[in-house]
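> Below you'll find data-v3.cif; it's mmCIF, C-alpha atoms.
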data_input
loop_
_atom_site.label_atom_id
_atom_site.label_comp_id
_atom_site.auth_asym_id
_atom_site.auth_seq_id
_atom_site.Cartn_x
_atom_site.Cartn_y
_atom_site.Cartn_z
CA MET A 1 130.15 104.62 113.91
CA THR A 2 128.76 108.12 113.36
CA SER A 3 128.80 110.03 110.12
CA THR A 4 127.93 113.54 109.08
CA VAL A 5 124.62 114.12 107.36
CA SER A 6 124.01 117.43 105.57
CA LEU A 7 120.57 118.52 104.47
CA THR A 8 118.27 121.52 104.25
CA VAL A 9 115.65 121.85 106.99
CA ASN A 10 113.03 124.59 106.65
CA GLY A 11 115.24 126.43 104.17
CA LYS A 12 118.39 126.34 106.32
CA ALA A 13 121.45 124.20 105.57
CA VAL A 14 122.24 121.96 108.55
CA SER A 15 124.79 119.25 109.33
CA ALA A 16 124.80 116.76 112.17
CA GLU A 17 126.67 113.72 113.44
CA VAL A 18 124.35 110.71 113.41
CA GLU A 19 124.54 106.95 113.82
CA PRO A 20 123.20 104.83 110.95
CA ARG A 21 120.27 103.85 113.20
CA THR A 22 119.29 107.45 113.98
CA LEU A 23 115.80 108.07 112.58
CA LEU A 24 115.01 111.26 110.71
CA VAL A 25 112.55 112.20 113.47
CA GLN A 26 115.30 111.82 116.08
CA LEU A 27 117.57 114.09 114.07
CA LEU A 28 114.80 116.69 113.84
CA ARG A 29 113.67 116.55 117.47
CA GLU A 30 116.69 115.54 119.51
CA ILE A 31 119.58 117.05 117.57
CA LEU A 32 118.01 120.04 115.80
CA GLY A 33 115.49 120.76 118.58
CA LEU A 34 112.52 120.92 116.19
CA THR A 35 110.01 119.33 118.57
CA GLY A 36 106.93 120.29 116.53
CA THR A 37 107.22 116.94 114.75
CA HIS A 38 105.72 114.41 117.15
CA VAL A 39 106.20 110.70 117.83
CA GLY A 40 102.88 109.10 118.68
CA CYS A 41 103.66 105.42 118.23
CA ASP A 42 106.45 102.91 117.84
CA THR A 43 105.01 101.11 114.87
CA SER A 44 104.94 103.62 111.97
CA GLN A 45 101.16 103.81 112.05
CA CYS A 46 100.06 107.07 113.69
CA GLY A 47 101.39 109.73 111.29
CA ALA A 48 102.13 112.34 113.99
CA CYS A 49 105.69 112.49 112.60
CA VAL A 50 104.81 113.29 108.97
CA VAL A 51 107.17 115.83 107.37
CA HIS A 52 107.90 116.74 103.76
CA VAL A 53 111.06 115.31 102.19
CA ASN A 54 111.73 116.87 98.79
CA GLY A 55 108.10 118.02 98.76
CA THR A 56 106.50 114.65 99.54
CA SER A 57 104.84 113.65 102.83
CA LEU A 58 106.70 110.86 104.63
CA LYS A 59 106.76 109.35 108.10
CA SER A 60 109.99 110.68 109.59
CA CYS A 61 109.98 107.79 112.10
CA THR A 62 110.35 105.35 109.20
CA MET A 63 113.29 106.88 107.41
CA LEU A 64 116.90 106.94 108.57
CA ALA A 65 118.56 110.29 109.08
CA VAL A 66 121.42 109.18 106.80
CA GLN A 67 118.87 108.62 104.03
CA ALA A 68 118.03 112.34 104.16
CA GLU A 69 121.53 113.34 102.98
CA GLY A 70 121.12 116.22 100.54
CA ALA A 71 117.33 116.29 100.98
CA ASP A 72 115.11 119.31 101.42
CA VAL A 73 113.01 118.73 104.56
CA THR A 74 110.08 120.85 105.72
CA THR A 75 108.60 120.45 109.20
CA ILE A 76 105.62 122.14 110.85
CA GLU A 77 108.02 124.87 112.05
CA GLY A 78 108.83 125.75 108.44
CA LEU A 79 105.29 126.56 107.31
CA ALA A 80 104.46 129.98 108.79
CA ASP A 81 105.86 133.15 107.28
CA GLY A 82 106.82 135.10 110.40
CA ASP A 83 103.58 135.74 112.27
CA THR A 84 101.46 134.81 109.25
CA LEU A 85 100.28 131.24 109.48
CA HIS A 86 100.29 128.95 106.43
CA PRO A 87 96.75 128.79 104.95
CA MET A 88 96.40 125.18 106.19
CA GLN A 89 97.44 126.17 109.72
CA GLN A 90 95.03 129.11 109.59
CA ALA A 91 92.22 126.79 108.49
CA PHE A 92 92.88 124.42 111.43
CA HIS A 93 92.82 127.48 113.73
CA GLU A 94 89.58 128.86 112.31
CA ASN A 95 87.76 125.51 112.17
CA HIS A 96 89.10 124.27 115.50
CA GLY A 97 90.64 121.26 113.75
CA LEU A 98 92.14 119.87 116.93
CA GLN A 99 91.31 118.69 120.40
CA CYS A 100 94.48 117.81 122.33
CA GLY A 101 96.63 118.89 119.38
CA PHE A 102 99.13 116.03 119.49
CA CYS A 103 98.36 114.71 116.00
CA THR A 104 97.99 118.20 114.48
CA PRO A 105 101.52 118.68 113.04
CA GLY A 106 101.27 115.39 111.14
CA MET A 107 97.70 116.15 110.07
CA ILE A 108 98.72 119.55 108.67
CA MET A 109 101.82 118.25 106.84
CA SER A 110 99.80 115.40 105.35
CA ALA A 111 96.93 117.74 104.41
CA ILE A 112 99.26 120.09 102.53
CA ASP A 113 100.53 117.20 100.40
CA LEU A 114 96.90 116.31 99.58
CA ALA A 115 96.00 119.92 98.75
CA LYS A 116 98.96 120.18 96.37
CA ARG A 117 97.70 117.16 94.43
CA ASN A 118 94.00 117.82 94.75
CA PRO A 119 92.99 121.49 95.07
CA ASP A 120 89.40 120.77 96.10
CA PRO A 121 89.24 117.36 97.80
CA SER A 122 85.86 115.93 98.77
CA GLU A 123 85.13 114.81 102.32
CA LYS A 124 85.53 111.19 101.17
CA GLU A 125 88.90 111.92 99.54
CA ILE A 126 90.10 113.70 102.69
CA ARG A 127 89.02 110.84 104.95
CA GLU A 128 90.74 108.32 102.68
CA TRP A 129 93.90 110.43 102.64
CA LEU A 130 93.94 110.45 106.46
CA GLU A 131 94.25 106.66 106.67
CA GLY A 132 97.81 107.13 107.91
CA ASN A 133 97.07 109.92 110.41
CA LEU A 134 95.43 108.86 113.66
CA CYS A 135 93.64 111.20 116.10
CA ARG A 136 93.23 109.51 119.48
CA CYS A 137 90.68 112.20 120.45
CA THR A 138 88.70 111.02 117.40
CA GLY A 139 88.29 114.65 116.43
CA TYR A 140 88.17 113.90 112.73
CA HIS A 141 85.06 115.93 111.98
CA ASN A 142 86.70 119.33 112.36
CA ILE A 143 90.00 118.07 110.96
CA VAL A 144 88.21 117.17 107.72
CA LYS A 145 86.45 120.56 107.73
CA SER A 146 89.79 122.32 108.28
CA ILE A 147 91.50 120.46 105.46
CA LYS A 148 88.69 121.27 103.03
CA ALA A 149 88.93 124.98 103.92
CA GLY A 150 92.73 124.90 103.95
CA ALA A 151 92.95 123.27 100.53
CA GLN A 152 90.61 125.88 99.09
CA ALA A 153 92.62 128.71 100.71
CA MET A 154 95.93 127.27 99.45
CA ASN A 155 94.62 127.08 95.91
CA ALA A 156 92.64 130.35 95.93
CA MET B 1 117.10 99.64 117.40
CA TYR B 2 120.35 97.66 117.30
CA ASN B 3 123.09 99.51 115.50
CA PHE B 4 124.35 98.59 112.04
CA GLU B 5 126.58 99.88 109.29
CA TYR B 6 125.03 101.79 106.40
CA THR B 7 126.12 101.94 102.79
CA LYS B 8 124.52 103.36 99.67
CA ALA B 9 124.54 101.01 96.70
CA SER B 10 125.69 102.46 93.37
CA SER B 11 123.79 99.79 91.39
CA ALA B 12 121.71 96.66 91.91
CA GLY B 13 124.74 94.59 90.91
CA ALA B 14 126.93 96.30 93.51
CA ALA B 15 124.25 95.70 96.16
CA ALA B 16 124.14 92.01 95.22
CA GLU B 17 127.93 91.80 95.51
CA ALA B 18 127.78 93.40 98.95
CA LEU B 19 125.15 90.86 100.02
CA LYS B 20 127.36 88.04 98.80
CA ALA B 21 130.28 89.37 100.83
CA ASP B 22 128.29 89.63 104.09
CA GLU B 23 125.53 87.14 104.83
CA ASP B 24 124.19 89.28 107.70
CA ALA B 25 123.72 92.35 105.52
CA LYS B 26 120.27 93.39 104.33
CA VAL B 27 119.05 95.49 101.44
CA VAL B 28 116.66 98.36 102.20
CA ALA B 29 114.26 99.58 99.49
CA GLY B 30 111.42 101.77 100.79
CA GLY B 31 111.96 100.44 104.30
CA MET B 32 108.24 100.45 105.09
CA THR B 33 108.47 96.98 106.65
CA LEU B 34 112.18 96.74 107.39
CA ILE B 35 112.54 99.94 109.44
CA PRO B 36 109.54 99.16 111.71
CA THR B 37 111.02 95.65 112.10
CA LEU B 38 114.37 97.13 113.15
CA LYS B 39 112.62 99.50 115.55
CA GLN B 40 111.03 96.50 117.27
CA ARG B 41 114.45 94.78 117.43
CA LEU B 42 113.07 91.87 115.42
CA ALA B 43 116.07 91.93 113.08
CA GLN B 44 119.75 92.66 113.56
CA PRO B 45 121.49 93.15 110.21
CA SER B 46 125.22 93.89 110.18
CA THR B 47 124.84 96.39 107.35
CA LEU B 48 121.97 98.06 105.54
CA ILE B 49 122.59 98.43 101.82
CA ASP B 50 120.40 101.26 100.58
CA LEU B 51 119.01 101.05 97.04
CA ASN B 52 117.42 104.51 97.20
CA GLY B 53 120.17 106.16 95.16
CA VAL B 54 119.94 103.66 92.29
CA ASP B 55 117.84 105.69 89.87
CA ASP B 56 117.80 103.15 87.03
CA LEU B 57 115.69 100.87 89.26
CA ARG B 58 112.89 103.45 89.16
CA GLY B 59 110.45 103.93 86.35
CA ILE B 60 107.55 102.55 84.34
CA THR B 61 107.68 101.44 80.70
CA VAL B 62 104.49 100.56 78.84
CA THR B 63 104.67 98.86 75.45
CA GLY B 64 101.70 97.41 73.56
CA ASP B 65 101.37 94.24 75.58
CA THR B 66 103.60 94.71 78.63
CA VAL B 67 103.86 97.04 81.63
CA THR B 68 107.33 96.97 83.17
CA ILE B 69 107.91 98.54 86.58
CA GLY B 70 111.35 99.12 88.09
CA ALA B 71 111.90 97.58 91.52
CA MET B 72 112.34 100.93 93.31
CA THR B 73 109.19 102.48 91.84
CA THR B 74 106.91 103.65 94.65
CA HIS B 75 103.31 102.54 95.08
CA ASP B 76 102.25 106.18 94.67
CA THR B 77 104.00 106.41 91.29
CA VAL B 78 102.21 103.28 90.06
CA ALA B 79 98.87 104.39 91.49
CA ARG B 80 99.08 107.79 89.78
CA SER B 81 100.55 106.64 86.47
CA ALA B 82 98.15 107.47 83.64
CA GLU B 83 99.96 104.94 81.46
CA VAL B 84 99.45 102.10 83.96
CA ALA B 85 95.83 103.14 84.54
CA LYS B 86 95.21 102.92 80.80
CA ALA B 87 97.02 99.61 80.16
CA ILE B 88 96.12 97.70 83.37
CA PRO B 89 93.60 99.73 85.43
CA ALA B 90 93.51 96.96 88.07
CA LEU B 91 97.22 97.41 88.77
CA ALA B 92 97.01 101.17 89.38
CA HIS B 93 93.90 100.55 91.50
CA LEU B 94 95.72 97.94 93.61
CA ALA B 95 98.77 100.17 94.15
CA GLY B 96 96.48 102.96 95.40
CA LEU B 97 95.01 100.64 98.05
CA ILE B 98 98.34 99.81 99.71
CA GLY B 99 98.85 101.17 103.25
CA ASP B 100 98.36 104.93 103.52
CA PRO B 101 99.61 107.91 101.47
CA ALA B 102 102.89 108.35 103.38
CA VAL B 103 103.63 104.63 103.00
CA ARG B 104 102.77 104.73 99.28
CA ASN B 105 105.15 107.70 98.87
CA ARG B 106 108.07 105.60 100.08
CA GLY B 107 107.21 101.89 99.71
CA THR B 108 108.33 100.09 96.54
CA ILE B 109 107.16 97.16 94.44
CA GLY B 110 110.54 95.42 94.70
CA GLY B 111 110.57 95.71 98.48
CA SER B 112 107.00 94.53 98.82
CA ILE B 113 107.39 91.38 96.74
CA SER B 114 110.81 90.50 98.18
CA ASN B 115 109.33 90.65 101.68
CA ASN B 116 106.33 88.52 100.59
CA ASP B 117 104.11 89.46 103.50
CA PRO B 118 101.11 87.08 103.36
CA ALA B 119 98.75 90.08 103.56
CA ALA B 120 100.52 92.27 100.99
CA ASP B 121 98.63 93.34 97.85
CA TYR B 122 101.27 93.09 95.11
CA PRO B 123 101.69 89.27 95.24
CA GLY B 124 98.01 89.11 94.15
CA ALA B 125 98.72 91.24 91.08
CA LEU B 126 101.88 89.38 90.11
CA VAL B 127 100.30 85.94 90.31
CA GLY B 128 96.93 87.17 89.00
CA LEU B 129 98.50 88.64 85.88
CA GLY B 130 101.19 85.99 85.41
CA ALA B 131 103.99 88.53 85.78
CA THR B 132 107.71 87.91 85.38
CA VAL B 133 110.19 89.02 88.04
CA LYS B 134 113.57 90.09 86.72
CA THR B 135 116.49 89.90 89.17
CA THR B 136 120.23 90.51 89.14
CA LYS B 137 120.59 86.84 88.09
CA ARG B 138 117.60 85.65 86.07
CA GLU B 139 113.90 85.88 85.25
CA ILE B 140 111.41 84.14 87.55
CA ALA B 141 107.72 83.50 86.78
CA ALA B 142 105.46 84.93 89.52
CA ASP B 143 103.99 81.45 90.08
CA ASP B 144 107.48 80.27 91.12
CA PHE B 145 108.59 83.47 92.89
CA PHE B 146 106.31 83.38 95.95
CA VAL B 147 107.28 80.25 97.89
CA ASP B 148 105.82 80.46 101.40
CA LEU B 149 105.26 82.79 104.36
CA PHE B 150 107.80 85.65 103.92
CA GLU B 151 109.75 83.33 101.61
CA THR B 152 110.55 83.85 97.92
CA ALA B 153 112.66 82.09 95.30
CA LEU B 154 115.31 84.81 95.68
CA GLU B 155 118.76 83.58 96.61
CA GLU B 156 120.68 85.28 99.42
CA ASP B 157 122.60 87.51 97.02
CA GLU B 158 119.88 88.14 94.45
CA ILE B 159 117.94 91.40 94.11
CA VAL B 160 114.74 92.16 92.17
CA THR B 161 115.37 94.73 89.44
CA GLU B 162 111.99 94.94 87.68
CA VAL B 163 108.60 93.29 87.23
CA SER B 164 106.89 92.81 83.83
CA PHE B 165 103.13 92.44 83.65
CA PRO B 166 101.42 91.17 80.47
CA VAL B 167 98.44 93.40 79.61
CA PRO B 168 95.23 91.38 80.08
CA GLU B 169 91.89 91.78 78.29
CA ALA B 170 90.22 92.55 81.62
CA ALA B 171 91.23 92.39 85.27
CA TRP B 172 90.34 93.72 88.73
CA TYR B 173 91.35 93.49 92.36
CA MET B 174 89.00 93.48 95.32
CA LYS B 175 90.30 93.68 98.83
CA PHE B 176 88.67 93.28 102.20
CA PRO B 177 91.14 95.41 104.16
CA ASN B 178 91.97 95.30 107.81
CA PRO B 179 90.39 98.59 108.89
CA ALA B 180 93.47 99.68 110.88
CA SER B 181 96.45 98.54 108.82
CA ARG B 182 94.84 98.36 105.34
CA TYR B 183 96.62 95.04 104.81
CA ALA B 184 94.45 92.50 102.99
CA ILE B 185 92.42 90.22 105.24
CA VAL B 186 91.52 88.76 101.84
CA GLY B 187 92.36 90.19 98.43
CA VAL B 188 91.37 88.56 95.14
CA PHE B 189 92.89 89.47 91.78
CA VAL B 190 91.14 88.16 88.68
CA ALA B 191 92.39 88.49 85.10
CA LYS B 192 91.19 87.34 81.71
CA ALA B 193 93.94 87.14 79.11
CA LYS B 194 94.59 85.51 75.74
CA ASP B 195 96.23 82.52 77.41
CA GLY B 196 93.50 82.00 79.99
CA VAL B 197 91.94 83.18 83.23
CA ARG B 198 93.80 83.62 86.51
CA VAL B 199 92.44 84.00 90.03
CA ALA B 200 95.00 84.86 92.72
CA VAL B 201 94.23 85.16 96.42
CA THR B 202 96.34 87.11 98.91
CA GLY B 203 95.83 87.66 102.64
CA ALA B 204 93.87 84.45 103.14
CA GLY B 205 96.70 81.94 103.41
CA PRO B 206 100.38 81.91 104.39
CA CYS B 207 101.28 82.80 100.80
CA VAL B 208 99.45 83.98 97.66
CA PHE B 209 97.68 81.09 95.87
CA ARG B 210 95.58 80.45 92.75
CA VAL B 211 92.10 78.93 92.68
CA PRO B 212 92.02 76.55 89.66
CA GLU B 213 88.32 75.71 90.12
CA MET B 214 87.38 79.40 89.79
CA GLU B 215 89.73 79.81 86.83
CA GLN B 216 88.03 76.93 84.99
CA ALA B 217 84.56 78.24 85.75
CA LEU B 218 85.46 81.75 84.59
CA SER B 219 87.05 80.37 81.41
CA SER B 220 83.67 78.90 80.45
CA SER B 221 81.67 81.90 81.62
CA TRP B 222 83.26 85.21 82.62
CA SER B 223 80.62 86.37 85.09
CA PRO B 224 80.27 86.82 88.88
CA ASP B 225 77.71 84.01 88.96
CA ALA B 226 80.30 81.55 87.66
CA VAL B 227 82.23 81.75 90.95
CA ALA B 228 79.29 82.39 93.31
CA ASP B 229 79.03 78.76 94.42
CA ILE B 230 82.72 77.91 94.47
CA LYS B 231 84.14 77.74 98.01
CA VAL B 232 87.80 77.31 98.84
CA SER B 233 88.64 75.01 101.74
CA ASP B 234 89.51 76.80 104.98
CA ASP B 235 92.14 74.15 105.65
CA GLY B 236 95.49 75.89 106.15
CA LEU B 237 94.11 79.42 105.82
CA ASN B 238 95.17 82.13 108.29
CA SER B 239 93.21 82.45 111.49
CA ASP B 240 93.86 85.39 113.82
CA ILE B 241 92.14 88.10 115.87
CA HIS B 242 91.05 89.80 112.64
CA ALA B 243 89.31 86.89 110.94
CA SER B 244 88.93 83.12 111.30
CA ALA B 245 90.02 80.73 108.55
CA GLU B 246 86.36 79.94 107.89
CA TYR B 247 85.52 83.63 107.45
CA ARG B 248 88.51 84.16 105.18
CA ALA B 249 87.40 81.22 103.01
CA HIS B 250 83.96 82.82 102.74
CA LEU B 251 85.51 86.18 101.80
CA VAL B 252 87.48 84.60 98.94
CA THR B 253 84.23 83.81 97.12
CA VAL B 254 82.71 87.22 97.88
CA MET B 255 85.81 89.15 96.76
CA ALA B 256 86.18 86.97 93.64
CA LYS B 257 82.59 87.73 92.63
CA ARG B 258 83.09 91.46 93.15
CA ALA B 259 86.42 91.43 91.29
CA VAL B 260 84.83 89.78 88.24
CA ALA B 261 81.93 92.24 88.40
CA GLY B 262 84.37 95.16 88.48
CA ALA B 263 86.77 93.89 85.83
CA LYS B 264 87.85 96.37 83.16
#
So, in terms of structure tokens, how does the structure I just supplied come out?

Amino acid sequence: MTSTVSLTVNGKAVSAEVEPRTLLVQLLREILGLTGTHVGCDTSQCGACVVHVNGTSLKSCTMLAVQAEGADVTTIEGLADGDTLHPMQQAFHENHGLQCGFCTPGMIMSAIDLAKRNPDPSEKEIREWLEGNLCRCTGYHNIVKSIKAGAQAMNA
Amino acid sequence: MYNFEYTKASSAGAAAEALKADEDAKVVAGGMTLIPTLKQRLAQPSTLIDLNGVDDLRGITVTGDTVTIGAMTTHDTVARSAEVAKAIPALAHLAGLIGDPAVRNRGTIGGSISNNDPAADYPGALVGLGATVKTTKREIAADDFFVDLFETALEEDEIVTEVSFPVPEAAWYMKFPNPASRYAIVGVFVAKAKDGVRVAVTGAGPCVFRVPEMEQALSSSWSPDAVADIKVSDDGLNSDIHASAEYRAHLVTVMAKRAVAGAK
């Protein structure tokens, strides 16, 4: 029942044996040990599991691992350059864009996709973009502030 | 999730053949409804036939009077298409209101209409614009395509390949979204075209429907006031924790007025 899926994760070629029903997020967390990508719900709503697949933000809980064959996947672990944080991570750090931190990986991956499309998003545009990323702490205020700063830093 | 077999289709025709050979198989497009359904163990297909590798099902073609969208084109692609925004601004606007960004990056027009969720947005656009659905077997008018709750005119082994929208003179879509899911509690699509006015309502009932009384009123006078006093009956409308049938009926008039006011 299993098959081999080969893809690139954070710049490294990887292969794994998966069942057809294995979700991309299960491949990342349970097989590859990349537990930075979180699972916050069972219903594809919370966005804690957002990763980039071929440069686009997707919910890794709503894509099968076998569908990622040949894809280029980036997770939260793939953003920093050694000890230097990605500008969006740095902005979340500086603006305290988190409370418990559970939703943060998905927030950051989603925010980077926004910043690539829109170098200087308004508060309204950021809040609309975050429709698919839920923060149970309701700490949106500093998340929005972080994303605004992060987008500016990314496009500086 | 129950286990299943997985195959990648090489073409829409090959996927249709595979469906014919196995009545328990299912086609997956963007998977934005199907995969959550599988996760909840609400479906148990024998095989998933993946259309994601079929590149000729993706793409947008705009000619003078028609916008044609391939079945596997994502909502994000439609929402951000300058060509669609120029030809039918209401259609790009509607696509940008579906779900959330990650869903729009993966979800497709073919998947959405084949699922025919009563609260989905696209059925409003198809019926509102009088679109034509092209499948692996035939062409189906939008009015005949959406049959009932989660039910379409598609046969078991028939797959949507593209949707063609005639370019109207003016059109718009107004949605009262569920604040959590962004599905339409009520969405109204209005369009004024050479061959008449159309008013399509999604979210309110078990399936998208037209409002002939509003269409007649708008044919005589294309203005928000023309529909201000027209109420649809709440008989048979959806009633749930989000909104009563009576409230939905009220919203149809409000959204119709706003859609006419916003038409471009």
> Excluding Ala204 in chain B and residues on its chain fewer than 2 positions from it, collect all residues at most 10 Å away from it, counting only C-alpha atoms, and give them as an mmCIF file with C-alpha atoms, in the coordinates of the input.

data_model
loop_
_atom_site.group_PDB
_atom_site.id
_atom_site.type_symbol
_atom_site.label_atom_id
_atom_site.label_comp_id
_atom_site.auth_asym_id
_atom_site.auth_seq_id
_atom_site.Cartn_x
_atom_site.Cartn_y
_atom_site.Cartn_z
ATOM 1 C CA PRO B 118 101.110 87.080 103.360
ATOM 2 C CA ALA B 119 98.750 90.080 103.560
ATOM 3 C CA ALA B 184 94.450 92.500 102.990
ATOM 4 C CA ILE B 185 92.420 90.220 105.240
ATOM 5 C CA VAL B 186 91.520 88.760 101.840
ATOM 6 C CA GLY B 187 92.360 90.190 98.430
ATOM 7 C CA VAL B 188 91.370 88.560 95.140
ATOM 8 C CA VAL B 201 94.230 85.160 96.420
ATOM 9 C CA THR B 202 96.340 87.110 98.910
ATOM 10 C CA PRO B 206 100.380 81.910 104.390
ATOM 11 C CA CYS B 207 101.280 82.800 100.800
ATOM 12 C CA VAL B 208 99.450 83.980 97.660
ATOM 13 C CA PHE B 209 97.680 81.090 95.870
ATOM 14 C CA ASP B 234 89.510 76.800 104.980
ATOM 15 C CA GLY B 236 95.490 75.890 106.150
ATOM 16 C CA LEU B 237 94.110 79.420 105.820
ATOM 17 C CA ASN B 238 95.170 82.130 108.290
ATOM 18 C CA SER B 239 93.210 82.450 111.490
ATOM 19 C CA ALA B 243 89.310 86.890 110.940
ATOM 20 C CA SER B 244 88.930 83.120 111.300
ATOM 21 C CA ALA B 245 90.020 80.730 108.550
ATOM 22 C CA GLU B 246 86.360 79.940 107.890
ATOM 23 C CA TYR B 247 85.520 83.630 107.450
ATOM 24 C CA ARG B 248 88.510 84.160 105.180
ATOM 25 C CA ALA B 249 87.400 81.220 103.010
ATOM 26 C CA LEU B 251 85.510 86.180 101.800
ATOM 27 C CA VAL B 252 87.480 84.600 98.940
#
> Residues of chain B within 7 Å of chain A, counting all atoms listed in the file - could you list those as an mmCIF file with C-alpha atoms, in the frame of the given file?

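As a result, result-v9.cif now contains:
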data_model
loop_
_atom_site.group_PDB
_atom_site.id
_atom_site.type_symbol
_atom_site.label_atom_id
_atom_site.label_comp_id
_atom_site.auth_asym_id
_atom_site.auth_seq_id
_atom_site.Cartn_x
_atom_site.Cartn_y
_atom_site.Cartn_z
ATOM 1 C CA MET B 1 117.100 99.640 117.400
ATOM 2 C CA ASN B 3 123.090 99.510 115.500
ATOM 3 C CA PHE B 4 124.350 98.590 112.040
ATOM 4 C CA GLU B 5 126.580 99.880 109.290
ATOM 5 C CA TYR B 6 125.030 101.790 106.400
ATOM 6 C CA MET B 32 108.240 100.450 105.090
ATOM 7 C CA ILE B 35 112.540 99.940 109.440
ATOM 8 C CA PRO B 36 109.540 99.160 111.710
ATOM 9 C CA ASP B 100 98.360 104.930 103.520
ATOM 10 C CA PRO B 101 99.610 107.910 101.470
ATOM 11 C CA ALA B 102 102.890 108.350 103.380
ATOM 12 C CA ASN B 105 105.150 107.700 98.870
#
> Pick from B:Ser219, B:Thr136, B:Asn116, B:Thr77: nearest to Gly203 in chain B, with all atoms listed in the file counted?
B:Asn116
> Run the PyMOL selection byres ((chain B and resi 226) around 12) against the file shown and list the residues it catches, as a list in words.
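Residues picked by the PyMOL selection byres ((chain B and resi 226) around 12): Glu213, Met214, Glu215, Gln216, Ala217, Leu218, Ser219, Ser220, Ser221, Trp222, Ser223, Pro224, Asp225, Val227, Ala228, Asp229, Ile230, Lys231, Thr253, Val254, Ala256, Lys257, Arg258, Val260 and Ala261 of chain B.
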> Write out as a list in words each polymer residue whose atoms come within 9 Å of range 59-70 of chain B, counting only C-alpha atoms; drop sequence neighbours fewer than 3 positions from it.
Asp55, Asp56, Thr73, Thr77, Val78, Ser81, Glu83, Val84, Ala87, Ile88, Ile109, Gly110, Val160, Thr161, Glu162, Val163, Ser164, Phe165, Pro166, Val167 and Pro168 of chain B
> Point out the residue among A:Ala65, A:Val39, A:Cys49, A:Met154 with the least atom-to-atom distance to Glu17 in chain A, counting only C-alpha atoms.
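Closest to Glu17 in chain A, using only C-alpha atoms: A:Ala65.
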